[in-house]
$ cat coords_21.csv   # CSV, C-alpha atoms
chain,number,residue,atom,x,y,z
A,1458,MET,CA,5.6,-23.6,31.7
A,1459,PRO,CA,3.6,-24.0,28.4
A,1460,GLN,CA,0.0,-23.2,28.7
A,1461,ALA,CA,-2.9,-23.8,26.2
A,1462,THR,CA,-6.0,-21.6,26.3
A,1463,PHE,CA,-9.0,-21.3,24.1
A,1464,ILE,CA,-10.6,-17.9,23.2
A,1465,LEU,CA,-13.4,-16.7,21.0
A,1466,LYS,CA,-12.4,-14.6,18.0
A,1467,GLU,CA,-13.3,-11.4,19.8
A,1468,PRO,CA,-11.4,-10.6,23.0
A,1469,GLN,CA,-14.2,-11.5,25.3
A,1470,THR,CA,-14.1,-12.7,28.9
A,1471,THR,CA,-17.7,-13.0,29.9
A,1472,LEU,CA,-21.0,-13.6,28.1
A,1473,LYS,CA,-22.0,-10.1,29.0
A,1474,ASP,CA,-19.0,-8.8,27.0
A,1475,ALA,CA,-19.8,-10.9,24.0
A,1476,LYS,CA,-20.1,-8.9,20.8
A,1477,SER,CA,-21.0,-11.7,18.4
A,1478,LYS,CA,-24.6,-12.6,18.0
A,1479,VAL,CA,-23.8,-15.5,15.7
A,1480,PRO,CA,-21.4,-18.5,16.0
A,1481,THR,CA,-17.8,-17.2,16.2
A,1482,LEU,CA,-14.4,-18.9,15.6
A,1483,ILE,CA,-12.4,-20.4,18.4
A,1484,TYR,CA,-8.6,-19.9,18.6
A,1485,LEU,CA,-6.0,-21.9,20.5
A,1486,LEU,CA,-3.4,-19.7,22.2
A,1487,TYR,CA,-0.3,-21.6,23.3
A,1488,HIS,CA,2.1,-19.6,25.4
A,1489,PHE,CA,5.6,-20.8,25.8
A,1490,ASN,CA,9.1,-19.4,26.2
A,1491,SER,CA,7.9,-15.7,26.2
A,1492,THR,CA,6.1,-16.2,22.9
A,1493,LYS,CA,2.9,-17.7,21.6
A,1494,LEU,CA,1.2,-19.7,18.9
A,1495,LYS,CA,-2.2,-18.6,17.7
A,1496,TYR,CA,-4.0,-21.5,15.9
A,1497,SER,CA,-7.5,-21.6,14.4
A,1498,THR,CA,-9.5,-24.6,15.7
A,1499,SER,CA,-11.8,-24.2,12.7
A,1500,GLN,CA,-14.6,-24.7,15.1
A,1501,LYS,CA,-17.3,-22.1,15.7
A,1502,ILE,CA,-19.7,-21.7,18.6
A,1503,HIS,CA,-22.3,-19.2,19.7
A,1504,PRO,CA,-21.1,-17.2,22.7
A,1505,ALA,CA,-24.2,-18.2,24.6
A,1506,ASN,CA,-23.0,-21.8,24.5
A,1507,TRP,CA,-19.4,-21.0,25.6
A,1508,ASN,CA,-18.1,-21.3,29.2
A,1509,PHE,CA,-15.6,-18.5,29.4
A,1510,GLU,CA,-14.2,-19.7,32.7
A,1511,LYS,CA,-13.6,-23.3,31.6
A,1512,GLN,CA,-12.9,-22.4,28.0
A,1513,ARG,CA,-15.1,-25.2,26.7
A,1514,ALA,CA,-18.6,-25.6,25.4
A,1515,LYS,CA,-21.4,-25.6,28.1
A,1516,GLU,CA,-22.8,-29.0,28.9
A,1517,HIS,CA,-26.3,-28.0,28.2
A,1518,ARG,CA,-29.1,-29.6,26.2
A,1519,SER,CA,-29.4,-26.4,24.1
A,1520,PHE,CA,-26.1,-27.5,22.6
A,1521,PRO,CA,-26.3,-31.3,22.3
A,1522,GLU,CA,-23.0,-31.7,20.5
A,1523,HIS,CA,-21.1,-30.2,23.4
A,1524,ALA,CA,-19.4,-33.6,24.2
A,1525,HIS,CA,-17.9,-34.1,20.8
A,1526,PHE,CA,-17.1,-30.4,20.6
A,1527,ASN,CA,-15.1,-30.4,23.8
A,1528,PHE,CA,-13.4,-33.7,22.8
A,1529,LEU,CA,-12.0,-31.9,19.7
A,1530,LEU,CA,-10.6,-29.1,21.9
A,1531,ASP,CA,-9.1,-31.6,24.4
A,1532,LYS,CA,-7.5,-33.4,21.5
A,1533,LEU,CA,-6.0,-30.2,20.1
A,1534,GLU,CA,-4.6,-29.3,23.5
A,1535,THR,CA,-3.1,-32.7,23.9
A,1536,THR,CA,-1.6,-32.5,20.4
A,1537,VAL,CA,0.1,-29.2,20.9
A,1538,ASN,CA,1.5,-30.3,24.3
A,1539,ASN,CA,2.9,-33.5,22.8
A,1540,ALA,CA,4.4,-31.6,19.9
A,1541,PHE,CA,6.1,-29.2,22.3
A,1542,ARG,CA,7.5,-32.0,24.4
A,1543,LYS,CA,8.8,-33.9,21.4
A,1544,LEU,CA,10.7,-30.9,20.1
A,1545,VAL,CA,12.3,-30.4,23.5
A,1546,ILE,CA,13.3,-34.1,23.8
A,1547,ASP,CA,14.7,-34.0,20.3
A,1548,GLY,CA,16.9,-30.9,21.3
A,1549,ILE,CA,15.0,-28.6,18.9
A,1550,LYS,CA,14.0,-25.1,20.1
A,1551,PRO,CA,10.2,-24.9,19.8
A,1552,THR,CA,8.8,-22.1,17.6
A,1553,PRO,CA,5.3,-21.2,16.6
A,1554,GLU,CA,5.9,-22.3,13.1
A,1555,LEU,CA,7.3,-25.7,14.1
A,1556,LEU,CA,4.4,-26.3,16.5
A,1557,ARG,CA,1.9,-25.3,13.8
A,1558,GLN,CA,3.4,-27.8,11.3
A,1559,ALA,CA,3.3,-30.5,14.0
A,1560,ILE,CA,-0.4,-29.9,14.7
A,1561,ASP,CA,-1.2,-29.8,11.0
A,1562,GLU,CA,0.5,-33.1,10.5
A,1563,ALA,CA,-1.1,-34.7,13.5
A,1564,LEU,CA,-4.5,-33.6,12.4
A,1565,HIS,CA,-3.8,-34.7,8.8
A,1566,LYS,CA,-4.4,-31.2,7.4
A,1567,LYS,CA,-3.2,-31.4,3.8
A,1568,GLU,CA,-4.4,-28.1,2.4
A,1569,ASN,CA,-2.0,-25.2,3.1
A,1570,THR,CA,0.3,-27.4,5.3
A,1571,GLY,CA,3.6,-25.5,5.7
A,1572,LYS,CA,2.3,-22.7,3.5
A,1573,ASP,CA,2.5,-19.4,5.3
A,1574,PHE,CA,1.3,-16.0,4.4
A,1575,ILE,CA,4.6,-15.1,2.7
A,1576,THR,CA,4.4,-18.2,0.5
A,1577,PHE,CA,0.9,-17.3,-0.4
A,1578,MET,CA,1.9,-13.7,-1.4
A,1579,GLU,CA,4.8,-15.0,-3.6
A,1580,THR,CA,2.5,-17.6,-5.3
A,1581,VAL,CA,-0.2,-15.1,-6.1
A,1582,LEU,CA,2.2,-12.4,-7.2
A,1583,ALA,CA,4.0,-14.8,-9.6
A,1584,ALA,CA,0.7,-15.7,-11.3
A,1585,SER,CA,-0.8,-12.2,-11.3
A,1586,ASP,CA,-0.8,-9.6,-14.1
A,1587,ARG,CA,-0.3,-6.7,-11.8
A,1588,LYS,CA,1.7,-3.7,-13.2
A,1589,SER,CA,5.5,-3.9,-12.8
A,1590,GLY,CA,5.5,-1.0,-10.3
A,1591,THR,CA,2.9,-2.7,-8.2
A,1592,LYS,CA,4.9,-6.0,-8.3
A,1593,ARG,CA,8.0,-4.2,-7.2
A,1594,GLY,CA,6.2,-2.7,-4.2
A,1595,VAL,CA,4.7,-6.1,-3.2
A,1596,THR,CA,8.1,-7.8,-3.6
A,1597,GLN,CA,9.6,-5.2,-1.2
A,1598,THR,CA,6.8,-6.0,1.3
A,1599,ILE,CA,7.6,-9.8,1.0
A,1600,ASN,CA,11.3,-9.2,1.6
A,1601,ILE,CA,10.7,-7.1,4.6
A,1602,LEU,CA,8.3,-9.7,6.0
A,1603,LYS,CA,11.0,-12.3,5.6
A,1604,ASP,CA,13.4,-10.1,7.6
A,1605,PHE,CA,10.7,-9.5,10.2
A,1606,LYS,CA,10.1,-13.3,10.5
A,1607,LYS,CA,13.8,-14.0,10.8
A,1608,VAL,CA,14.4,-11.4,13.5
A,1609,THR,CA,11.3,-12.1,15.6
A,1610,SER,CA,10.8,-15.9,14.9
A,1611,ARG,CA,7.1,-15.0,14.6
A,1612,SER,CA,4.8,-17.3,12.8
A,1613,LEU,CA,3.3,-15.7,9.7
A,1614,HIS,CA,0.6,-18.2,9.0
A,1615,PHE,CA,-2.7,-16.6,8.0
A,1616,ASP,CA,-4.0,-16.7,11.6
A,1617,GLY,CA,-0.9,-15.0,12.8
A,1618,ILE,CA,-1.7,-11.8,10.9
A,1619,ASP,CA,-3.6,-10.2,13.8
A,1620,LEU,CA,-3.4,-7.0,15.8
A,1621,ASP,CA,-0.4,-8.3,17.8
A,1622,PHE,CA,1.4,-8.9,14.5
A,1623,TYR,CA,0.4,-5.4,13.3
A,1624,ASN,CA,1.7,-3.6,16.3
A,1625,GLU,CA,5.0,-5.5,16.3
A,1626,PHE,CA,5.5,-5.2,12.6
A,1627,VAL,CA,4.9,-1.4,12.6
A,1628,GLU,CA,7.3,-1.1,15.5
A,1629,PHE,CA,9.8,-3.2,13.5
A,1630,LEU,CA,9.5,-1.0,10.4
A,1631,ALA,CA,9.8,2.2,12.5
A,1632,SER,CA,13.0,0.9,14.0
A,1633,ARG,CA,14.4,0.9,10.5
A,1634,ASP,CA,13.8,4.6,10.1
A,1635,LEU,CA,11.2,4.1,7.4
A,1636,LYS,CA,8.9,6.9,6.5
A,1637,GLN,CA,5.3,6.6,7.8
A,1638,SER,CA,4.1,6.6,4.2
A,1639,THR,CA,6.4,3.7,3.4
A,1640,ILE,CA,5.2,1.8,6.4
A,1641,GLY,CA,1.6,2.5,5.2
A,1642,ASN,CA,2.3,1.0,1.8
A,1643,HIS,CA,3.6,-2.2,3.4
A,1644,ILE,CA,0.4,-2.4,5.5
A,1645,LYS,CA,-1.7,-1.8,2.5
A,1646,ASN,CA,-0.1,-4.7,0.6
A,1647,ILE,CA,-0.6,-7.0,3.6
A,1648,LYS,CA,-4.3,-6.1,3.8
A,1649,VAL,CA,-4.7,-6.6,0.0
A,1650,PHE,CA,-3.3,-10.2,0.2
A,1651,MET,CA,-5.1,-11.1,3.4
A,1652,ARG,CA,-8.4,-10.0,1.7
A,1653,GLU,CA,-7.4,-12.3,-1.2
A,1654,ALA,CA,-6.7,-15.2,1.1
A,1655,PHE,CA,-10.1,-14.7,2.9
A,1656,GLU,CA,-12.0,-14.5,-0.4
A,1657,ARG,CA,-10.3,-17.8,-1.4
A,1658,ASP,CA,-11.6,-19.4,1.8
A,1659,LEU,CA,-8.0,-20.0,3.0
A,1660,THR,CA,-8.6,-18.3,6.3
A,1661,ASN,CA,-11.4,-17.1,8.5
A,1662,ASN,CA,-9.1,-14.4,10.0
A,1663,VAL,CA,-10.5,-10.9,9.3
A,1664,GLN,CA,-8.5,-8.9,11.9
A,1665,PHE,CA,-7.0,-7.1,8.9
A,1666,ARG,CA,-10.3,-5.4,8.6
A,1667,SER,CA,-10.1,-3.9,12.0
A,1668,ARG,CA,-9.9,-0.1,12.3
A,1669,LYS,CA,-6.8,-0.6,14.4
A,1670,PHE,CA,-5.2,-2.6,11.5
A,1671,LYS,CA,-4.9,0.7,9.6
A,1672,LYS,CA,-2.7,1.9,6.8
A,1673,LEU,CA,-0.5,4.6,8.2
A,1674,ASP,CA,-0.6,7.7,6.1
A,1675,GLU,CA,1.0,11.1,5.9
A,1676,GLU,CA,0.0,14.1,3.8
A,1677,SER,CA,2.1,14.1,0.7
A,1678,GLN,CA,4.6,17.0,0.5
A,1679,SER,CA,5.4,16.7,-3.2
A,1680,ILE,CA,6.1,19.8,-5.1
A,1681,TYR,CA,4.5,21.3,-8.3
A,1682,LEU,CA,6.0,23.6,-10.9
A,1683,SER,CA,4.3,26.9,-11.4
A,1684,ASN,CA,3.8,28.4,-14.9
A,1685,ASN,CA,6.9,30.6,-14.3
A,1686,ASP,CA,8.9,27.4,-13.5
A,1687,LEU,CA,7.6,25.7,-16.6
A,1688,ASN,CA,8.5,28.7,-18.7
A,1689,ALA,CA,12.0,28.7,-17.3
A,1690,LEU,CA,12.4,25.0,-18.3
A,1691,TYR,CA,10.8,25.5,-21.7
A,1692,THR,CA,13.0,28.4,-22.7
A,1693,LEU,CA,16.2,26.9,-21.3
A,1694,ASP,CA,18.8,26.5,-24.0
A,1695,LEU,CA,19.8,22.8,-24.1
A,1696,SER,CA,20.9,22.7,-27.7
A,1697,GLU,CA,24.3,21.3,-26.7
A,1698,ALA,CA,22.8,18.6,-24.5
A,1699,THR,CA,20.5,16.5,-26.7
A,1700,ARG,CA,19.8,13.9,-24.0
A,1701,LEU,CA,18.5,16.6,-21.7
A,1702,ASP,CA,16.7,18.5,-24.4
A,1703,LYS,CA,14.5,15.5,-25.3
A,1704,VAL,CA,13.7,14.7,-21.6
A,1705,ARG,CA,12.8,18.4,-21.0
A,1706,ASP,CA,10.5,18.4,-24.0
A,1707,LEU,CA,8.7,15.2,-23.0
A,1708,PHE,CA,8.4,16.5,-19.4
A,1709,ILE,CA,6.8,19.7,-20.6
A,1710,VAL,CA,4.3,17.8,-22.6
A,1711,ALA,CA,3.4,15.8,-19.4
A,1712,CYS,CA,3.1,19.1,-17.5
A,1713,TYR,CA,0.5,20.4,-19.9
A,1714,THR,CA,-1.4,17.1,-20.5
A,1715,GLY,CA,-1.3,15.4,-17.1
A,1716,LEU,CA,-0.1,12.1,-18.6
A,1717,ARG,CA,1.6,9.5,-16.5
A,1718,PHE,CA,5.0,8.1,-17.4
A,1719,SER,CA,3.5,4.9,-18.7
A,1720,ASP,CA,1.2,6.8,-21.0
A,1721,LEU,CA,4.0,9.1,-22.2
A,1722,MET,CA,5.8,5.9,-23.4
A,1723,GLN,CA,3.0,4.9,-25.7
A,1724,LEU,CA,2.4,8.4,-27.1
A,1725,ASN,CA,2.8,8.3,-30.9
A,1726,ILE,CA,1.7,10.1,-34.0
A,1727,GLU,CA,-1.6,8.1,-34.1
A,1728,SER,CA,-2.4,9.5,-30.6
A,1729,ILE,CA,-2.2,13.1,-31.8
A,1730,ASN,CA,-4.8,14.9,-33.9
A,1731,LYS,CA,-3.2,18.2,-34.8
A,1732,ASP,CA,-6.3,19.5,-36.7
A,1733,LYS,CA,-8.5,19.1,-33.7
A,1734,ARG,CA,-5.7,20.0,-31.4
A,1735,ILE,CA,-6.2,17.0,-29.1
A,1736,ILE,CA,-4.4,14.0,-27.8
A,1737,LYS,CA,-6.4,10.8,-27.4
A,1738,VAL,CA,-4.8,8.0,-25.4
A,1739,LYS,CA,-6.0,4.8,-23.6
A,1740,THR,CA,-4.4,5.0,-20.1
A,1741,GLN,CA,-2.2,2.1,-19.0
A,1742,LYS,CA,-3.3,2.2,-15.3
A,1743,THR,CA,-7.1,2.4,-15.7
A,1744,GLY,CA,-7.7,1.4,-19.3
A,1745,GLU,CA,-9.8,4.5,-19.8
A,1746,ILE,CA,-9.6,6.7,-22.9
A,1747,VAL,CA,-8.8,10.3,-22.1
A,1748,ILE,CA,-8.9,13.2,-24.6
A,1749,ILE,CA,-6.7,16.1,-23.8
A,1750,PRO,CA,-6.6,19.6,-25.5
A,1751,ILE,CA,-3.2,20.6,-26.9
A,1752,ASN,CA,-2.0,24.0,-25.9
A,1753,THR,CA,0.4,26.1,-28.0
A,1754,ILE,CA,3.6,24.9,-26.2
A,1755,VAL,CA,2.7,21.3,-26.6
A,1756,ALA,CA,1.8,21.9,-30.3
A,1757,ASN,CA,5.2,23.5,-30.8
A,1758,ILE,CA,7.0,20.5,-29.3
A,1759,ILE,CA,4.9,18.1,-31.4
A,1760,GLU,CA,5.9,20.1,-34.5
A,1761,LYS,CA,9.5,20.1,-33.4
A,1762,TYR,CA,9.5,16.3,-33.5
A,1763,GLU,CA,7.2,16.0,-36.6
A,1764,GLY,CA,4.5,14.3,-34.6
A,1765,ASN,CA,6.7,11.7,-33.0
A,1766,LEU,CA,7.7,12.6,-29.5
A,1767,PRO,CA,11.1,11.5,-28.2
A,1768,ILE,CA,11.5,7.9,-27.2
A,1769,THR,CA,11.4,7.7,-23.4
A,1770,ILE,CA,14.1,6.3,-21.2
A,1771,SER,CA,13.6,4.6,-17.9
A,1772,ASN,CA,11.6,6.3,-15.2
A,1773,GLN,CA,14.6,6.5,-12.8
A,1774,LYS,CA,17.0,7.8,-15.5
A,1775,MET,CA,14.4,10.4,-16.5
A,1776,ASN,CA,14.1,11.5,-12.8
A,1777,ASP,CA,17.9,11.9,-12.7
A,1778,TYR,CA,18.0,14.0,-15.9
A,1779,LEU,CA,15.1,16.2,-14.6
A,1780,LYS,CA,17.0,17.1,-11.5
A,1781,GLU,CA,20.0,18.1,-13.7
A,1782,ILE,CA,17.7,20.2,-15.9
A,1783,GLY,CA,16.1,21.8,-12.9
A,1784,GLU,CA,19.5,22.8,-11.6
A,1785,LYS,CA,20.5,24.3,-14.9
A,1786,ALA,CA,17.2,26.3,-14.9
A,1787,LYS,CA,18.3,27.6,-11.4
A,1788,MET,CA,15.4,26.2,-9.5
A,1789,GLU,CA,17.1,26.7,-6.2
A,1790,GLU,CA,14.2,27.7,-4.0
A,1791,THR,CA,14.6,26.1,-0.6
A,1792,ILE,CA,11.9,23.5,0.2
A,1793,GLU,CA,11.4,22.3,3.7
A,1794,ARG,CA,9.8,18.9,4.2
A,1795,ILE,CA,8.8,17.3,7.5
A,1796,ALA,CA,8.2,13.6,7.6
A,1797,THR,CA,7.8,10.9,10.3
A,1798,LYS,CA,10.7,8.6,10.3
A,1799,GLY,CA,11.3,5.9,12.9
A,1800,GLY,CA,8.3,7.4,14.8
A,1801,LYS,CA,10.0,10.8,15.0
A,1802,ARG,CA,9.2,14.0,13.1
A,1803,VAL,CA,12.3,14.8,10.9
A,1804,ARG,CA,12.9,18.1,9.1
A,1805,GLU,CA,14.7,17.9,5.7
A,1806,VAL,CA,15.7,20.8,3.5
A,1807,TYR,CA,16.1,20.5,-0.3
A,1808,LYS,CA,16.6,22.7,-3.3
A,1809,LYS,CA,13.5,22.6,-5.5
A,1810,TYR,CA,15.3,21.0,-8.4
A,1811,GLU,CA,16.3,18.0,-6.1
A,1812,LEU,CA,12.6,17.1,-5.7
A,1813,ILE,CA,11.6,17.1,-9.4
A,1814,THR,CA,10.4,13.7,-10.7
A,1815,VAL,CA,8.3,12.5,-13.6
A,1816,HIS,CA,5.3,12.5,-11.4
A,1817,THR,CA,5.8,16.2,-10.7
A,1818,ALA,CA,4.3,16.8,-14.1
A,1819,ARG,CA,0.9,15.4,-13.2
A,1820,ARG,CA,0.7,17.4,-10.0
A,1821,SER,CA,1.8,20.5,-11.9
A,1822,PHE,CA,-0.8,20.0,-14.5
A,1823,ALA,CA,-3.6,19.5,-12.0
A,1824,THR,CA,-2.6,22.4,-9.7
A,1825,ASN,CA,-2.0,24.9,-12.5
A,1826,ALA,CA,-5.3,24.1,-14.2
A,1827,TYR,CA,-7.1,24.4,-10.9
A,1828,LEU,CA,-5.4,27.8,-10.2
A,1829,GLN,CA,-6.5,29.0,-13.6
A,1830,ASN,CA,-10.1,28.1,-12.9
A,1831,VAL,CA,-10.4,25.1,-15.2
A,1832,PRO,CA,-13.5,23.3,-13.8
A,1833,THR,CA,-12.5,20.6,-11.3
A,1834,ILE,CA,-14.6,18.0,-13.0
A,1835,SER,CA,-12.9,18.7,-16.3
A,1836,ILE,CA,-9.4,18.3,-14.8
A,1837,MET,CA,-10.6,15.0,-13.1
A,1838,LYS,CA,-11.7,13.7,-16.4
A,1839,ILE,CA,-8.0,13.9,-17.5
A,1840,THR,CA,-6.3,12.9,-14.2
A,1841,GLY,CA,-8.7,10.1,-13.5
A,1842,HIS,CA,-9.6,11.0,-9.9
A,1843,ARG,CA,-12.9,9.5,-8.9
A,1844,THR,CA,-13.9,12.0,-6.2
A,1845,GLU,CA,-13.3,15.7,-5.7
A,1846,LYS,CA,-11.9,14.9,-2.2
A,1847,SER,CA,-9.2,12.7,-3.6
A,1848,PHE,CA,-8.4,15.3,-6.3
A,1849,LEU,CA,-8.1,18.2,-3.8
A,1850,LYS,CA,-5.6,16.1,-1.8
A,1851,TYR,CA,-3.6,15.6,-5.0
A,1852,ILE,CA,-3.1,19.2,-6.0
A,1853,LYS,CA,-0.5,21.4,-4.3
A,1854,ILE,CA,-1.3,25.0,-3.6
A,1855,SER,CA,0.8,27.4,-1.6
A,1856,GLN,CA,-0.8,30.0,0.7
A,1857,GLU,CA,0.3,32.7,-1.7
A,1858,ASP,CA,-1.2,30.9,-4.7
A,1859,ASN,CA,-4.4,30.4,-2.8
A,1860,ALA,CA,-4.6,34.1,-2.0
A,1861,ASN,CA,-3.9,35.1,-5.6
A,1862,LYS,CA,-6.7,32.7,-6.8
A,1863,LEU,CA,-9.2,34.3,-4.4
A,1864,ILE,CA,-8.2,37.9,-4.8
A,1865,ASN,CA,-10.6,38.5,-7.8
A,1866,HIS,CA,-13.4,36.5,-6.3
A,1867,PRO,CA,-16.6,38.5,-5.7
A,1868,PHE,CA,-16.5,37.8,-2.0
A,1869,PHE,CA,-13.2,39.6,-1.6
A,1870,SER,CA,-13.9,42.5,-4.0
$ encode --input "coords_21.csv" --output "structure tokens"
Amino acid sequence: MPQATFILKEPQTTLKDAKSKVPTLIYLLYHFNSTKLKYSTSQKIHPANWNFEKQRAKEHRSFPEHAHFNFLLDKLETTVNNAFRKLVIDGIKPTPELLRQAIDEALHKKENTGKDFITFMETVLAASDRKSGTKRGVTQTINILKDFKKVTSRSLHFDGIDLDFYNEFVEFLASRDLKQSTIGNHIKNIKVFMREAFERDLTNNVQFRSRKFKKLDEESQSIYLSNNDLNALYTLDLSEATRLDKVRDLFIVACYTGLRFSDLMQLNIESINKDKRIIKVKTQKTGEIVIIPINTIVANIIEKYEGNLPITISNQKMNDYLKEIGEKAKMEETIERIATKGGKRVREVYKKYELITVHTARRSFATNAYLQNVPTISIMKITGHRTEKSFLKYIKISQEDNANKLINHPFFS
């Protein structure tokens, strides 16, 4: 049988357990057919004035508005019960979303009526100037939220993005054998847009800030190319494969400059000062100007193209070509990667060339520069890392590389 209960925002049962020292939001929970609706009453009350057993305001002179306050809660309970009965009488299966709409209409709520979290994400995304890559990621999150809503029949109104949603959504994603890092990216997008909704005063729900509503993460197992690998690529004869030759050259430039794909695309003769042997470019992602020294190999490639580097192709197509180039260079070292998929640890084995992407260049630049004792702060000036902690997570060093770096250190001499 349907049951309406009222709870404070924090999961409290007694005044002694109350965590809030200031007025806190009250939610209506309506349990029915093995599911529930969570609805914000928009009313706040200090826990000291709340009767946890009766789920109403205490009838006390310290809270003179208790009568009107309880009238509003009674009215809301009656409204949801009436909405439920009407749907059943009309032969319509009640859902949290249908009940929410019925309550909104009954209470004459005009703002955001029928507009759920997914609609909000779509609206904000359409009007934003986010980078194309970011938009693709958010669109993927929107699509998977739609699938989740369809499968679970769960309401995805702002108030419904709570810890129950989080746990159910993570389980849903894991059932699709998604990697933990992919799940983490979806959670990150949801947190970003919930923060946006909160800052626009569209919701008082801040459960997305809870430590339990966390972005799942897993240490990146991306590869980097050593100086020997880069030399094998650079000296590879591709004279009979022009398309691969140009991609290889551009990739080598990225490996020795640390430039992102978006910045490679805008690199031109005006960016290059051959006399000072530097490249100066305003990065697309951060808008910062970076100045990068040109080494001999990069200088030779610039000379090869008379100052105008090859026109880039799409990121995906370049990734495909790089794998083909890596195979030709016989980069067949076996790489084992272990990742969490569907909640299970999965072991995958690749050839090194299968893992080469455009982004491998930045990791290779940062790692090789670090191994050759270039000051960390100098590398970070180019890569754009804000903290040494984030930078050290970014670089990839094998145990052998680490030992070789330390072997000439005074401590080990």
$ residues_around --input "coords_21.csv" --residues "segment 1492-1494 of chain A" --least-positions-apart "5" --cutoff "6 Å" --atoms "only C-alpha atoms" --output "ChimeraX atom specification"
/A:1486-1487,1553
$ atom_distance --input "coords_21.csv" --atom1 "atom CA of Ile1736 of chain A" --atom2 "atom CA of Val1831 of chain A"
17.8 Å
$ closest_residue --input "coords_21.csv" --among "A:Ile1601, A:Glu1579, A:Arg1700, A:Ile1709" --to "Phe1650 of chain A" --atoms "only C-alpha atoms"
A:Glu1579
$ closest_residue --input "coords_21.csv" --among "A:Ser1491, A:Thr1462, A:Ser1499, A:Thr1692" --to "Leu1659 of chain A" --atoms "all atoms listed in the file"
A:Ser1499
$ closest_residue --input "coords_21.csv" --among "A:Ser1835, A:Asn1830, A:Thr1817, A:Asn1646" --to "Tyr1851 of chain A" --atoms "only C-alpha atoms"
A:Thr1817
$ closest_residue --input "coords_21.csv" --among "A:His1643, A:Lys1703, A:Arg1819, A:Lys1495" --to "Phe1848 of chain A" --atoms "all atoms listed in the file"
A:Arg1819
$ closest_residue --input "coords_21.csv" --among "A:Leu1635, A:Ile1749, A:Gln1741, A:Ser1667" --to "Arg1587 of chain A" --atoms "only C-alpha atoms"
A:Gln1741
$ residues_around --input "coords_21.csv" --residues "Asn1752 of chain A" --least-positions-apart "6" --cutoff "9 Å" --atoms "all atoms listed in the file" --output "VMD selection string"
chain A and resid 1713 to 1714 1734 to 1735
$ closest_residue --input "coords_21.csv" --among "A:Leu1613, A:Leu1701, A:Val1755, A:Leu1695" --to "Ile1770 of chain A" --atoms "only C-alpha atoms"
A:Leu1701
$ decode --input "coords_21.csv" --residues "segment 1522-1537 of chain A" --atoms "C-alpha atoms" --output "PDB file, in the first residue's frame"
ATOM      1  CA  GLU A1522       4.225  28.945  12.431  1.00  0.00           C
ATOM      2  CA  HIS A1523       3.940  25.214  13.140  1.00  0.00           C
ATOM      3  CA  ALA A1524       0.226  25.079  12.262  1.00  0.00           C
ATOM      4  CA  HIS A1525       0.651  26.522   8.781  1.00  0.00           C
ATOM      5  CA  PHE A1526       3.829  24.497   8.274  1.00  0.00           C
ATOM      6  CA  ASN A1527       2.063  21.209   9.074  1.00  0.00           C
ATOM      7  CA  PHE A1528      -0.911  22.231   6.923  1.00  0.00           C
ATOM      8  CA  LEU A1529       1.419  22.461   3.915  1.00  0.00           C
ATOM      9  CA  LEU A1530       2.842  18.988   4.597  1.00  0.00           C
ATOM     10  CA  ASP A1531      -0.663  17.536   5.042  1.00  0.00           C
ATOM     11  CA  LYS A1532      -1.719  19.140   1.759  1.00  0.00           C
ATOM     12  CA  LEU A1533       1.284  17.659  -0.027  1.00  0.00           C
ATOM     13  CA  GLU A1534       0.537  14.183   1.353  1.00  0.00           C
ATOM     14  CA  THR A1535      -3.081  14.471   0.228  1.00  0.00           C
ATOM     15  CA  THR A1536      -1.996  15.689  -3.205  1.00  0.00           C
ATOM     16  CA  VAL A1537       0.320  12.746  -3.863  1.00  0.00           C
TER      17      VAL A1537
END
